[in-house]
file target18.txt (compact mmCIF, C-alpha atoms and all ligand atoms)
# COMPACT_ATOMS: atom_id res chain seq x y z
CA MET R 1 178.14 113.71 77.38
CA PRO R 2 176.76 110.28 76.32
CA GLU R 3 177.17 108.81 79.80
CA GLU R 4 174.95 111.51 81.26
CA GLN R 5 172.27 110.80 78.66
CA SER R 6 172.07 107.07 79.40
CA LYS R 7 172.08 107.33 83.20
CA ARG R 8 171.03 110.09 85.53
CA THR R 9 171.35 109.79 89.30
CA GLU R 10 169.73 112.48 91.41
CA ILE R 11 172.07 114.03 93.98
CA SER R 12 169.32 113.52 96.56
CA GLN R 13 169.72 109.74 96.10
CA LEU R 14 173.22 109.99 97.56
CA GLY R 15 172.67 112.88 100.00
CA GLU R 16 175.44 115.28 100.99
CA PHE R 17 177.65 112.74 102.73
CA GLY R 18 177.05 110.09 100.07
CA LEU R 19 178.09 112.58 97.40
CA ILE R 20 181.29 113.46 99.27
CA LYS R 21 182.14 109.74 99.59
CA HIS R 22 181.36 109.30 95.89
CA ILE R 23 183.87 112.08 95.05
CA GLN R 24 186.42 110.80 97.57
CA LYS R 25 186.49 107.33 95.96
CA GLN R 26 187.75 108.82 92.71
CA PHE R 27 190.93 110.27 94.22
CA LYS R 28 194.09 108.82 95.67
CA THR R 29 196.59 110.91 97.62
CA ILE R 30 200.10 110.94 96.20
CA HIS R 31 202.06 112.99 98.74
CA SER R 32 203.30 111.57 102.02
CA SER R 33 202.75 115.03 103.53
CA THR R 34 198.96 114.54 103.08
CA THR R 35 198.38 113.08 106.53
CA VAL R 36 194.56 113.35 106.53
CA GLY R 37 192.57 114.12 103.37
CA ILE R 38 188.82 114.17 102.83
CA GLY R 39 186.69 113.01 105.75
CA ASP R 40 187.61 115.00 108.84
CA ASP R 41 186.81 118.55 109.93
CA ALA R 42 190.04 119.83 108.39
CA ALA R 43 192.75 118.33 106.24
CA VAL R 44 196.04 117.63 108.01
CA ILE R 45 199.32 118.37 106.22
CA ASP R 46 202.69 117.36 107.61
CA ALA R 47 204.62 120.62 107.88
CA GLY R 48 207.70 119.23 109.61
CA GLU R 49 207.68 120.03 113.30
CA LYS R 50 203.90 120.59 113.39
CA TYR R 51 200.82 119.72 111.40
CA MET R 52 199.18 122.35 109.24
CA LEU R 53 195.36 122.28 109.17
CA LEU R 54 193.27 123.40 106.21
CA THR R 55 189.51 123.74 105.95
CA THR R 56 186.99 125.52 103.76
CA ASP R 57 183.28 126.33 104.08
CA MET R 58 180.92 128.14 101.77
CA LEU R 59 177.74 130.02 102.73
CA THR R 60 175.19 130.77 100.02
CA GLU R 61 172.23 133.14 100.11
CA GLY R 62 168.88 131.38 100.24
CA ILE R 63 170.46 128.12 101.45
CA HIS R 64 172.54 129.10 104.49
CA PHE R 65 171.20 132.56 105.22
CA ASP R 66 168.28 134.82 104.46
CA LEU R 67 169.22 138.48 104.09
CA ALA R 68 165.69 139.44 105.17
CA TYR R 69 166.79 138.88 108.79
CA THR R 70 170.57 138.39 108.67
CA PRO R 71 172.64 141.51 109.43
CA LEU R 72 175.69 141.55 107.16
CA GLN R 73 178.09 142.16 110.08
CA HIS R 74 176.84 138.99 111.75
CA LEU R 75 177.07 137.08 108.48
CA GLY R 76 180.70 138.09 108.03
CA TYR R 77 181.49 137.02 111.57
CA LYS R 78 179.66 133.71 111.18
CA ALA R 79 181.37 132.88 107.88
CA VAL R 80 184.73 133.10 109.67
CA ALA R 81 183.55 131.39 112.87
CA VAL R 82 182.27 128.26 111.08
CA ASN R 83 185.74 127.75 109.60
CA ILE R 84 187.53 128.42 112.88
CA SER R 85 185.21 125.84 114.43
CA ASP R 86 186.59 123.18 112.06
CA ILE R 87 190.17 124.09 113.02
CA ALA R 88 189.12 123.87 116.71
CA ALA R 89 187.63 120.43 116.02
CA MET R 90 191.15 119.17 115.16
CA ASN R 91 192.39 120.65 118.48
CA GLY R 92 194.25 123.25 116.41
CA ILE R 93 194.97 126.96 116.56
CA PRO R 94 193.81 129.07 113.58
CA LYS R 95 196.33 131.40 111.95
CA GLN R 96 195.17 132.69 108.56
CA ILE R 97 192.04 132.91 106.39
CA THR R 98 191.22 133.73 102.80
CA VAL R 99 187.81 135.18 101.92
CA SER R 100 186.13 134.82 98.51
CA ILE R 101 182.88 136.57 97.72
CA GLY R 102 180.37 136.40 94.88
CA LEU R 103 178.32 139.61 94.74
CA SER R 104 175.11 140.39 92.91
CA ASN R 105 174.53 143.93 91.63
CA ARG R 106 172.06 144.45 94.50
CA PHE R 107 175.12 144.97 96.69
CA SER R 108 176.62 148.38 97.46
CA VAL R 109 180.09 149.23 98.74
CA GLU R 110 178.44 150.00 102.09
CA ALA R 111 177.00 146.49 102.19
CA VAL R 112 180.43 144.99 101.44
CA ASP R 113 181.86 147.19 104.21
CA ALA R 114 179.30 145.85 106.68
CA LEU R 115 180.16 142.26 105.74
CA TYR R 116 183.89 142.94 106.18
CA GLU R 117 183.31 144.69 109.48
CA GLY R 118 182.06 141.35 110.81
CA ILE R 119 184.96 139.51 109.15
CA ARG R 120 187.42 141.97 110.73
CA PHE R 121 185.87 141.55 114.15
CA ALA R 122 186.16 137.77 113.84
CA CYS R 123 189.80 138.08 112.72
CA GLU R 124 190.54 140.11 115.86
CA ASN R 125 188.59 137.81 118.12
CA PHE R 126 190.08 134.56 116.81
CA LYS R 127 193.50 136.11 116.16
CA VAL R 128 193.75 135.26 112.48
CA ASP R 129 195.17 137.18 109.54
CA LEU R 130 193.15 137.76 106.38
CA ILE R 131 195.74 136.96 103.70
CA GLY R 132 193.80 136.84 100.42
CA GLY R 133 190.69 135.76 98.60
CA ASP R 134 188.76 136.33 95.40
CA THR R 135 186.00 138.67 94.26
CA THR R 136 183.50 137.87 91.54
CA ALA R 137 180.02 138.74 90.31
CA SER R 138 177.22 136.32 91.14
CA GLN R 139 173.79 135.85 89.60
CA ALA R 140 172.67 133.59 92.42
CA GLY R 141 172.83 136.05 95.29
CA LEU R 142 175.60 136.45 97.84
CA VAL R 143 178.17 133.68 98.17
CA ILE R 144 180.92 133.69 100.81
CA SER R 145 183.60 131.05 100.75
CA ILE R 146 186.26 131.09 103.44
CA THR R 147 189.34 128.93 103.85
CA ALA R 148 191.13 128.75 107.18
CA VAL R 149 194.66 127.61 107.93
CA GLY R 150 195.71 126.49 111.38
CA GLU R 151 198.36 124.47 113.13
CA VAL R 152 198.62 121.87 115.84
CA GLU R 153 201.51 120.15 117.63
CA LYS R 154 201.69 116.59 116.34
CA ASN R 155 200.95 115.02 119.72
CA LEU R 156 197.85 117.20 120.23
CA LEU R 157 195.97 116.42 116.99
CA ALA R 158 192.39 115.20 117.57
CA ARG R 159 190.71 113.31 114.74
CA ARG R 160 187.25 111.84 114.39
CA ASN R 161 188.60 108.29 114.43
CA GLY R 162 190.50 108.08 117.73
CA ALA R 163 187.77 107.29 120.27
CA LYS R 164 188.28 104.16 122.40
CA SER R 165 185.65 101.98 124.05
CA LYS R 166 184.70 103.35 127.51
CA ASP R 167 185.93 106.84 126.67
CA ILE R 168 183.73 109.60 128.06
CA VAL R 169 181.65 111.63 125.61
CA CYS R 170 181.57 115.41 126.19
CA VAL R 171 179.79 118.35 124.61
CA SER R 172 180.63 122.03 125.08
CA GLY R 173 178.01 124.75 125.57
CA ASP R 174 174.38 124.01 124.84
CA LEU R 175 172.51 122.54 121.89
CA GLY R 176 169.39 123.26 119.85
CA ALA R 177 169.28 127.03 120.38
CA ALA R 178 170.23 128.01 116.81
CA TYR R 179 167.47 125.81 115.44
CA MET R 180 164.87 127.48 117.67
CA GLY R 181 166.31 130.88 116.70
CA LEU R 182 165.69 129.98 113.06
CA GLN R 183 162.07 129.01 113.82
CA VAL R 184 161.47 132.37 115.52
CA LEU R 185 163.02 134.38 112.67
CA GLU R 186 161.07 132.45 110.02
CA ARG R 187 157.85 133.08 111.96
CA GLU R 188 158.60 136.79 112.25
CA LYS R 189 159.37 136.96 108.54
CA ILE R 190 155.95 135.54 107.67
CA THR R 191 154.21 137.86 110.15
CA PHE R 192 156.04 140.84 108.67
CA LYS R 193 155.09 139.87 105.10
CA GLU R 194 151.42 139.68 106.10
CA ASN R 195 151.53 142.86 108.14
CA PRO R 196 154.50 145.16 107.39
CA GLN R 197 153.46 147.61 110.15
CA MET R 198 154.16 145.01 112.83
CA GLN R 199 157.58 145.39 114.42
CA PRO R 200 159.25 142.09 115.28
CA GLN R 201 159.22 141.26 119.00
CA LEU R 202 162.52 139.51 119.43
CA GLN R 203 163.82 140.68 122.83
CA SER R 204 162.86 137.52 124.68
CA TYR R 205 164.50 135.43 121.97
CA ASP R 206 167.82 137.28 122.08
CA TYR R 207 169.95 134.31 123.02
CA ILE R 208 168.58 131.78 120.53
CA VAL R 209 168.52 134.29 117.66
CA ARG R 210 172.10 135.24 118.39
CA ARG R 211 173.14 131.60 118.44
CA LEU R 212 171.91 131.30 114.85
CA LEU R 213 173.06 134.63 113.45
CA ARG R 214 176.38 135.05 115.20
CA PRO R 215 177.72 131.75 116.51
CA GLU R 216 181.07 131.48 118.30
CA ALA R 217 183.76 128.96 117.48
CA ARG R 218 184.80 127.37 120.78
CA MET R 219 188.50 128.28 120.78
CA ASP R 220 188.10 129.02 124.50
CA ILE R 221 187.44 125.30 125.08
CA ILE R 222 190.50 124.33 123.01
CA HIS R 223 192.71 126.59 125.16
CA GLU R 224 191.16 125.29 128.37
CA LEU R 225 191.69 121.67 127.35
CA ARG R 226 195.35 122.51 126.77
CA ASP R 227 195.57 124.14 130.19
CA LEU R 228 194.02 121.04 131.75
CA GLN R 229 196.46 118.86 129.78
CA ILE R 230 193.65 116.96 128.13
CA VAL R 231 194.03 115.76 124.55
CA PRO R 232 190.63 114.57 123.33
CA THR R 233 190.85 111.05 121.90
CA SER R 234 188.46 112.18 119.16
CA MET R 235 186.65 115.40 118.29
CA ILE R 236 184.20 116.91 115.77
CA ASP R 237 182.34 120.20 115.71
CA ILE R 238 178.54 120.15 115.81
CA SER R 239 177.43 121.84 112.61
CA ASP R 240 174.78 119.42 111.34
CA GLY R 241 173.20 118.38 114.65
CA LEU R 242 174.50 116.22 117.49
CA ALA R 243 173.02 112.98 116.09
CA SER R 244 174.71 113.41 112.73
CA GLU R 245 178.09 114.17 114.34
CA ILE R 246 177.72 111.20 116.73
CA PHE R 247 177.34 108.98 113.67
CA HIS R 248 180.50 110.40 112.05
CA LEU R 249 182.48 109.90 115.24
CA CYS R 250 181.18 106.36 115.81
CA GLU R 251 181.60 105.35 112.17
CA GLN R 252 185.18 106.61 111.97
CA SER R 253 186.15 105.20 115.36
CA ALA R 254 184.32 101.91 114.57
CA LEU R 255 182.47 102.07 117.91
CA GLY R 256 179.04 102.57 119.41
CA MET R 257 177.89 105.17 121.95
CA ASN R 258 175.29 105.58 124.67
CA ILE R 259 174.17 109.09 125.53
CA TYR R 260 171.76 110.14 128.25
CA GLU R 261 168.74 112.28 127.43
CA GLU R 262 168.86 113.92 130.86
CA ASN R 263 172.46 115.04 130.22
CA LEU R 264 171.82 116.86 126.93
CA PRO R 265 172.75 120.50 127.57
CA ILE R 266 169.78 122.66 126.57
CA ASP R 267 169.39 126.33 127.49
CA GLU R 268 166.26 127.55 129.33
CA SER R 269 165.23 129.78 126.41
CA THR R 270 165.55 126.85 123.99
CA TYR R 271 163.20 124.86 126.24
CA SER R 272 160.64 127.63 126.51
CA THR R 273 160.66 128.45 122.80
CA ALA R 274 160.46 124.78 121.86
CA ALA R 275 157.42 124.48 124.13
CA GLU R 276 155.87 127.52 122.44
CA PHE R 277 156.42 125.91 119.00
CA LYS R 278 155.36 122.47 120.29
CA ILE R 279 158.71 120.99 119.30
CA ASP R 280 160.53 118.44 121.48
CA PRO R 281 163.64 120.25 122.80
CA ASN R 282 165.61 116.97 122.67
CA THR R 283 164.90 116.78 118.95
CA CYS R 284 166.30 120.32 118.59
CA ALA R 285 169.43 119.28 120.47
CA LEU R 286 169.87 116.06 118.49
CA ASN R 287 168.89 117.19 115.01
CA GLY R 288 168.80 120.99 115.02
CA GLY R 289 172.22 121.86 113.66
CA GLU R 290 174.27 125.07 113.46
CA ASP R 291 175.30 124.90 117.13
CA TYR R 292 179.07 125.02 116.42
CA GLU R 293 179.83 123.40 119.75
CA LEU R 294 182.43 120.66 120.16
CA LEU R 295 181.64 116.97 120.60
CA PHE R 296 184.66 115.09 121.92
CA THR R 297 185.77 112.01 123.80
CA ILE R 298 188.30 111.81 126.61
CA ALA R 299 189.98 108.93 128.42
CA GLN R 300 188.34 108.01 131.75
CA ASP R 301 191.52 109.12 133.53
CA ASP R 302 190.78 112.71 132.47
CA PHE R 303 187.25 112.73 133.92
CA GLU R 304 188.26 114.32 137.24
CA LYS R 305 189.75 117.30 135.39
CA ILE R 306 186.51 118.26 133.65
CA LYS R 307 183.77 116.96 135.94
CA ASN R 308 183.12 120.38 137.48
CA HIS R 309 183.71 122.43 134.35
CA ARG R 310 180.92 124.97 133.89
CA ASP R 311 180.68 124.56 130.14
CA ILE R 312 181.77 121.00 129.35
CA HIS R 313 179.01 118.44 129.75
CA VAL R 314 179.46 114.70 130.01
CA ILE R 315 176.65 113.17 127.94
CA GLY R 316 177.62 109.50 127.66
CA TYR R 317 180.31 106.96 126.88
CA MET R 318 181.77 105.00 123.98
CA GLN R 319 181.13 101.28 123.68
CA GLU R 320 181.74 98.40 121.30
CA ALA R 321 180.06 98.84 117.91
CA ASP R 322 177.71 95.86 118.39
CA LYS R 323 176.04 97.64 121.33
CA GLY R 324 174.85 100.33 118.92
CA ILE R 325 174.32 104.07 119.16
CA ASN R 326 171.57 104.78 121.66
CA LEU R 327 169.81 107.53 123.53
CA ILE R 328 169.05 106.41 127.09
CA THR R 329 165.77 108.14 127.89
CA ARG R 330 164.75 109.51 131.28
CA SER R 331 162.79 106.28 131.77
CA GLN R 332 166.00 104.28 131.18
CA GLN R 333 164.91 103.01 127.77
CA ALA R 334 167.64 102.59 125.12
CA VAL R 335 166.39 104.09 121.85
CA PRO R 336 168.63 103.77 118.75
CA ILE R 337 169.57 107.26 117.54
CA GLN R 338 168.60 108.23 114.00
CA ALA R 339 170.97 110.61 112.23
CA GLN R 340 168.88 113.15 110.40
CA GLY R 341 171.23 116.08 110.08
CA TRP R 342 170.28 118.74 107.59
CA VAL R 343 169.76 117.01 104.28
CA HIS R 344 169.74 120.13 102.17
CA PHE R 345 169.77 118.37 98.83
CA ASN R 346 166.38 116.90 99.71
CA THR R 347 164.62 119.66 101.53
CA GLY R 348 166.29 122.96 100.85
CA ASP R 349 167.49 123.19 104.46
CA ALA R 350 171.02 124.32 105.09
CA SER R 351 174.06 122.51 106.46
P1 LIG H 1 182.30 120.06 107.99
O1 LIG H 1 180.80 120.01 108.28
O2 LIG H 1 183.15 119.72 109.15
O3 LIG H 1 182.71 121.34 107.31
P2 LIG H 1 181.75 118.55 105.66
O4 LIG H 1 180.66 117.60 106.05
O5 LIG H 1 181.42 119.78 104.90
O6 LIG H 1 182.61 118.91 106.95
O7 LIG H 1 182.84 117.77 104.84
C1 LIG H 1 183.35 116.53 105.27
C2 LIG H 1 184.64 116.25 104.53
O8 LIG H 1 184.43 116.21 103.12
C3 LIG H 1 185.72 117.31 104.74
O9 LIG H 1 186.96 116.63 104.79
C4 LIG H 1 185.62 118.15 103.50
O10 LIG H 1 186.86 118.79 103.19
C5 LIG H 1 185.25 117.14 102.44
N1 LIG H 1 184.50 117.70 101.29
C6 LIG H 1 183.29 118.32 101.33
N2 LIG H 1 182.88 118.66 100.09
C7 LIG H 1 183.87 118.26 99.25
C8 LIG H 1 184.04 118.33 97.83
N3 LIG H 1 183.11 118.91 97.05
N4 LIG H 1 185.17 117.82 97.30
C9 LIG H 1 186.11 117.25 98.08
N5 LIG H 1 186.00 117.12 99.42
C10 LIG H 1 184.89 117.63 100.00
MG MG H 2 183.11 120.23 111.09

call {"tool": "encode", "arguments": {"input": "target18.txt", "output": "structure tokens"}}
result
Amino acid sequence: MPEEQSKRTEISQLGEFGLIKHIQKQFKTIHSSTTVGIGDDAAVIDAGEKYMLLTTDMLTEGIHFDLAYTPLQHLGYKAVAVNISDIAAMNGIPKQITVSIGLSNRFSVEAVDALYEGIRFACENFKVDLIGGDTTASQAGLVISITAVGEVEKNLLARRNGAKSKDIVCVSGDLGAAYMGLQVLEREKITFKENPQMQPQLQSYDYIVRRLLRPEARMDIIHELRDLQIVPTSMIDISDGLASEIFHLCEQSALGMNIYEENLPIDESTYSTAAEFKIDPNTCALNGGEDYELLFTIAQDDFEKIKNHRDIHVIGYMQEADKGINLITRSQQAVPIQAQGWVHFNTGDAS
């Protein structure tokens, strides 16, 4: 095409989010039932009494997973969980999934069975029906693309753009563990290549390795919020790292945020492994990615209901945009947060 010959823009110049915005600009929605299109964790479709939620995520070999250390059962489970997580992020309940796979000829029926064992387990766990998909050959290794459908009562929908100034910022679970799990597995892979007789010593890293290989979508938190009669004013799932998701939430809500370093939820084993690797554990929590926890805001009136919750952590508060997006360090210094995320078009890392 002549246009391509005269001008060539590298995808890395735009980055992943820039590229999505670039695509988004070229489309207008035409149906009034398209309530939310590109730009949130899931699309929202007006289905009459309720909203239908629709989201899709693709995992590709060599970018998102390395089969040298990824059991296929876990991979199948994870591929479903990352989609369920996006339905959760809208405060929705998942109902159905479709699963499409691209297979290289390295794969056997037994390998496909192992993958689907994990998918089946996730379907049971998250109570979703597998209702279709597609199967194709692939020259680029294993590709898994899953689409999830969910629903939410109209008054319970949580978008990225609904946070209000002074709302309380919460995070479920703990952060940074999956990133440290990846560091451990990559180290073991190198050790094994150099010395195949060595058996990997992973027992003490069980938790962090599991967080990477077999993450959970936090549907338990969604159900608990319903029980507590809390509707988050905004919500996003943490797939690319807390800092990156904070930026999405602040940008879409047109607000700033202060979060406290001492309140970042980090597991003991993440701390100890980060120390071993000489990595700052706060950096893992802020920029690690693949945690699949929920970042959400609630009205101050709801604070009492969650303040003693074992697995919901208050990390900060929303503020006017001109006050910025800051990390308040243990020494009470306000440091502007940089969103790094996982820029996989630049570095080959996954998101
Ligand atoms: P998440 O990390 O929650 O899965 P993404 O960052 O992948 O979200 O995507 C952000 C938004 O951009 C979503 O609404 C998603 O549907 C949309 N999106 C991503 N890639 C494309 C694409 N190639 N074409 C159209 N929309 C896209
Ligand atoms: Mg998401």

call {"tool": "residues_around", "arguments": {"input": "target18.txt", "residues": "region 103-114 of chain R", "least_positions_apart": "4", "cutoff": "10 Å", "atoms": "all atoms listed in the file", "output": "list in words"}}
result
Pro71, Leu72, Gln73, His74, Leu75, Gly76, Gly118, Ile119, Arg120, Thr135, Thr136, Ala137, Ser138, Gln139, Ala140, Gly141, Leu142, Val143 and Ile144 of chain R

call {"tool": "closest_residue", "arguments": {"input": "target18.txt", "among": "R:Gly133, R:Gly241, R:Gly316, R:Pro196", "to": "ligand MG 2 (chain H)", "atoms": "all atoms listed in the file"}}
result
R:Gly241

call {"tool": "atom_distance", "arguments": {"input": "target18.txt", "atom1": "atom O2 of ligand LIG 1 (chain H)", "atom2": "CA of Ile306 (chain R)"}}
result
24.8 Å

call {"tool": "residues_near_ligand", "arguments": {"input": "target18.txt", "ligand": "ligand MG 2 (chain H)", "cutoff": "10 Å", "atoms": "only C-alpha atoms and all ligand atoms", "output": "CSV table (one decimal) with C-alpha atoms, in the coordinates of the input"}}
result
chain,number,residue,atom,x,y,z
R,39,GLY,CA,186.7,113.0,105.8
R,40,ASP,CA,187.6,115.0,108.8
R,41,ASP,CA,186.8,118.6,109.9
R,42,ALA,CA,190.0,119.8,108.4
R,55,THR,CA,189.5,123.7,106.0
R,56,THR,CA,187.0,125.5,103.8
R,57,ASP,CA,183.3,126.3,104.1
R,82,VAL,CA,182.3,128.3,111.1
R,83,ASN,CA,185.7,127.8,109.6
R,84,ILE,CA,187.5,128.4,112.9
R,85,SER,CA,185.2,125.8,114.4
R,86,ASP,CA,186.6,123.2,112.1
R,87,ILE,CA,190.2,124.1,113.0
R,88,ALA,CA,189.1,123.9,116.7
R,89,ALA,CA,187.6,120.4,116.0
R,90,MET,CA,191.2,119.2,115.2
R,160,ARG,CA,187.2,111.8,114.4
R,235,MET,CA,186.6,115.4,118.3
R,236,ILE,CA,184.2,116.9,115.8
R,237,ASP,CA,182.3,120.2,115.7
R,238,ILE,CA,178.5,120.2,115.8
R,239,SER,CA,177.4,121.8,112.6
R,240,ASP,CA,174.8,119.4,111.3
R,245,GLU,CA,178.1,114.2,114.3
R,292,TYR,CA,179.1,125.0,116.4
R,293,GLU,CA,179.8,123.4,119.8
R,294,LEU,CA,182.4,120.7,120.2

call {"tool": "residues_around", "arguments": {"input": "target18.txt", "residues": "Ile221 (chain R)", "least_positions_apart": "6", "cutoff": "12 Å", "atoms": "all atoms listed in the file", "output": "count of residues only"}}
result
26

call {"tool": "residues_around", "arguments": {"input": "target18.txt", "residues": "region 272-275 of chain R", "least_positions_apart": "3", "cutoff": "9 Å", "atoms": "only C-alpha atoms", "output": "PDB file with C-alpha atoms, in the frame of the given file"}}
result
ATOM      1  CA  MET R 180     164.870 127.480 117.670  1.00  0.00           C
ATOM      2  CA  GLY R 181     166.310 130.880 116.700  1.00  0.00           C
ATOM      3  CA  VAL R 184     161.470 132.370 115.520  1.00  0.00           C
ATOM      4  CA  TYR R 205     164.500 135.430 121.970  1.00  0.00           C
ATOM      5  CA  ILE R 208     168.580 131.780 120.530  1.00  0.00           C
ATOM      6  CA  ASP R 267     169.390 126.330 127.490  1.00  0.00           C
ATOM      7  CA  GLU R 268     166.260 127.550 129.330  1.00  0.00           C
ATOM      8  CA  SER R 269     165.230 129.780 126.410  1.00  0.00           C
ATOM      9  CA  LYS R 278     155.360 122.470 120.290  1.00  0.00           C
ATOM     10  CA  ILE R 279     158.710 120.990 119.300  1.00  0.00           C
ATOM     11  CA  ASP R 280     160.530 118.440 121.480  1.00  0.00           C
ATOM     12  CA  PRO R 281     163.640 120.250 122.800  1.00  0.00           C
ATOM     13  CA  CYS R 284     166.300 120.320 118.590  1.00  0.00           C
TER      14      CYS R 284
END

call {"tool": "atom_distance", "arguments": {"input": "target18.txt", "atom1": "CA of Met318 (chain R)", "atom2": "CA of Asp174 (chain R)"}}
result
20.4 Å

call {"tool": "axis_aligned_box", "arguments": {"input": "target18.txt", "around": "ligand LIG 1 (chain H)", "padding_each_side": "6 Å", "output": "lines of an AutoDock Vina configuration file"}}
result
center_x = 183.8
center_y = 118.8
center_z = 103.1
size_x = 18.3
size_y = 17.1
size_z = 24.1

call {"tool": "closest_residue", "arguments": {"input": "target18.txt", "among": "R:Phe277, R:Phe247, R:Tyr51, R:Tyr69", "to": "ligand LIG 1 (chain H)", "atoms": "only C-alpha atoms and all ligand atoms"}}
result
R:Phe247

call {"tool": "closest_residue", "arguments": {"input": "target18.txt", "among": "R:Asn125, R:Gln197, R:Asn161, R:Asn263", "to": "Ser234 (chain R)", "atoms": "all atoms listed in the file"}}
result
R:Asn161

call {"tool": "atom_distance", "arguments": {"input": "target18.txt", "atom1": "CA of Gln96 (chain R)", "atom2": "CA of Ala81 (chain R)"}}
result
12.5 Å

call {"tool": "closest_residue", "arguments": {"input": "target18.txt", "among": "R:Val99, R:Ile146, R:Ala163, R:Ile30", "to": "ligand LIG 1 (chain H)", "atoms": "all atoms listed in the file"}}
result
R:Ile146

call {"tool": "residues_near_point", "arguments": {"input": "target18.txt", "point": "(185.2, 133.8, 110.4)", "cutoff": "6 Å", "atoms": "all atoms listed in the file", "output": "list in words"}}
result
Tyr77, Lys78, Ala79, Val80, Ala81, Ile119 and Ala122 of chain R

call {"tool": "write_last_selection", "arguments": {"input": "target18.txt", "atoms": "C-alpha atoms", "output": "short mmCIF file (atom, residue, chain, number, x, y, z; two decimals), keeping the file's coordinate frame"}}
result
data_model
loop_
_atom_site.label_atom_id
_atom_site.label_comp_id
_atom_site.auth_asym_id
_atom_site.auth_seq_id
_atom_site.Cartn_x
_atom_site.Cartn_y
_atom_site.Cartn_z
CA TYR R 77 181.49 137.02 111.57
CA LYS R 78 179.66 133.71 111.18
CA ALA R 79 181.37 132.88 107.88
CA VAL R 80 184.73 133.10 109.67
CA ALA R 81 183.55 131.39 112.87
CA ILE R 119 184.96 139.51 109.15
CA ALA R 122 186.16 137.77 113.84
#

call {"tool": "closest_residue", "arguments": {"input": "target18.txt", "among": "R:Ala47, R:Ala148, R:Val128, R:Leu264", "to": "ligand LIG 1 (chain H)", "atoms": "all atoms listed in the file"}}
result
R:Ala148

call {"tool": "closest_residue", "arguments": {"input": "target18.txt", "among": "R:Gly18, R:Glu262, R:Leu255, R:Lys127", "to": "Met219 (chain R)", "atoms": "all atoms listed in the file"}}
result
R:Lys127

call {"tool": "residues_around", "arguments": {"input": "target18.txt", "residues": "region 320-336 of chain R", "least_positions_apart": "3", "cutoff": "7 Å", "atoms": "only C-alpha atoms", "output": "list in words"}}
result
Ser165, Ala254, Leu255, Gly256, Met257, Asn258, Ile259, Tyr260, Glu261 and Glu262 of chain R

call {"tool": "residues_around", "arguments": {"input": "target18.txt", "residues": "Val209 (chain R)", "least_positions_apart": "6", "cutoff": "10 Å", "atoms": "all atoms listed in the file", "output": "PyMOL selection string"}}
result
chain R and resi 177-185+202-203+215
